[in-house]
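Reading through the structure tokens given below for one structure.
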Amino acid sequence: MNILEIKNLSLFFGAYQALYDVNLTLEKGVMHALAGESGCGKTLTAMSVMRLIPKAANITSGEILFHGENLLGYKESKMQELRGNKIALIPQDPMTSLNPLYTVGNQLVEAIKAHSSVTERQALRKAREVMDMVRIPEIDKKLDFYPHEFSGGMKQRIIIAMALACNAELIIADEPTTALDVTIQKQIMDLINEIKEDFGTTILLISHDLALVSNYADYISVMYAGHIVEQAASKDFFKNPIHPYSIALLNSLPSKNPALKLKTIEGAPPSIQEKIFGCKFHPRCEFFQQGICDTKEPELIEKKLRHFSACLIK
Ligand SMILES: Nc1ncnc2c1ncn2[C@@H]1O[C@H](COP(=O)(O)OP(=O)(O)OP(=O)(O)O)[C@@H](O)[C@H]1O
Ligand SMILES: [Mg+2]
């Protein structure tokens, strides 16, 4: 069963296009990673699902189906019911979604009460339960803490607890561990993965970190300059990447073999103002062929069984 289907989503800032016909399907209970360098459109895609795109942004075409219903046609009031309830967002900076003026206990209880008809006592019991699930120690004491009294990792646990408290069906985690150090990163990713396994929660994981993605995601979509350029099951993707951009990204990962030198990708991704004909990646691509790559825009096509890539050469 598909819980989320993004179909042909295009988004503009004025005359400049930031998302090009993005297609993404998430089956219930999977973790799907959206990867790619800074500025490629990962957050805009996620925020389109939440319907929290910047004021200047304009979705010009496409559908975002959640359980088959197009969220783009929802009234704002209906969207508000969905946000933090059926769909939860774990942002890169947890401070942006916690209110600094209230204790976390207070915020959890309020969130639980807002999403189900329970008494104060039942809500408090549920708040303790979810804090225990995300392994916050000394719950009694921590319920009275304000967000700033927690470390970055603990704050991220509270946000995850909030998603659990509301029984979110879909969690969108936008670089959930980027601000954290490596050991804490692993704990938070393990926790998100456990939620997926234990509750069948669907996860859209946004990350530029392919090493992290390879450890957790079931599926991956690689984005470049507003386009999805490759899409596959993780195991197929990491064993046999097809698109030159994906290959270049994987080659730029620090290797376990220190004798192998890192190969960085020359140049930088284009800004949305830059006009590039043909494939957006061609100026940086080692497989570039003049007259083909700079002329025709490649479509995402199935190159191997359920393994899609948008390249005219490979
Ligand atoms: N408010 C805005 N006004 C104009 N352009 C914007 C705005 N927000 C984003 N963009 C542009 O849209 C493109 C995609 O942005 P987005 O935030 O989705 O990238 P991202 O893949 O999430 O990058 P990062 O890894 O840095 O978070 C970028 O090129 C960015 O410059
Ligand atoms: Mg982003």
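Every chain in the structure tokens takes a letter, A first, then B, and so on in the order presented; its residues are numbered from 1, and the ligands are numbered from 1 following the presented order.
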* Neighbours of A:Phe288 within 12 Å (only C-alpha atoms; same-chain residues fewer than 6 positions away dropped), as a PyMOL selection string? -> chain A and resi 243-245+278-282+294-295+311-314
* Asked: Using only C-alpha atoms and all ligand atoms, what are the residues with an atom within 9 Å of ligand 2, set out as a PyMOL selection string?
  -> chain A and resi 38-44+46+92+174-175+206-208
* Please provide the set of residues having any atom within 12 Å of A:Asn99, restricted to only C-alpha atoms, with same-chain residues fewer than 3 positions apart removed, written as a ChimeraX atom specification. => /A:94-96,102-108,110-111,145-148,155,158-159
* **Nearby residues, ligand 1, 12 Å, only C-alpha atoms and all ligand atoms, as a PyMOL selection string** => chain A and resi 10-20+34-48+52-58+91-93+173-176+178+205-209+222-228+268-274
* Surrounding residues of A:Leu71 excluding itself and chain neighbours under 4 positions, 12 Å, only C-alpha atoms, as a list in words -> Leu4, Glu5, Ile6, Lys7, Met47, Ser48, Val49, Met50, Arg51, Leu52, Gly62, Glu63, Ile64, Leu65, Phe66, His67, Lys75, Glu76, Ser77, Lys78, Met79, Gln80, Glu81, Leu82, Arg83 and Ile87 of chain A
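Candidate residues A:Asn70, A:Phe238, A:Val229, A:Ser252 were compared for distance to A:Ile301, and the nearest is A:Val229, using only C-alpha atoms.
Here the strand (DSSP E) residues in stretch 172-270 of chain A, by DSSP on the backbone, are Ile172, Ala173, Asp174, Thr202, Ile203, Leu204, Leu205, Ile206, Tyr219, Ile220, Ser221, Val222, Met223, Tyr224, His227, Ile228, Val229, Glu230, Gln231, Ala232 and Ala233 of chain A.
The smallest atom-to-atom distance between A:Ile184 and any of A:Ala163, A:Gly153, A:Ser214, A:Gly291, using only C-alpha atoms, is found for A:Gly153.
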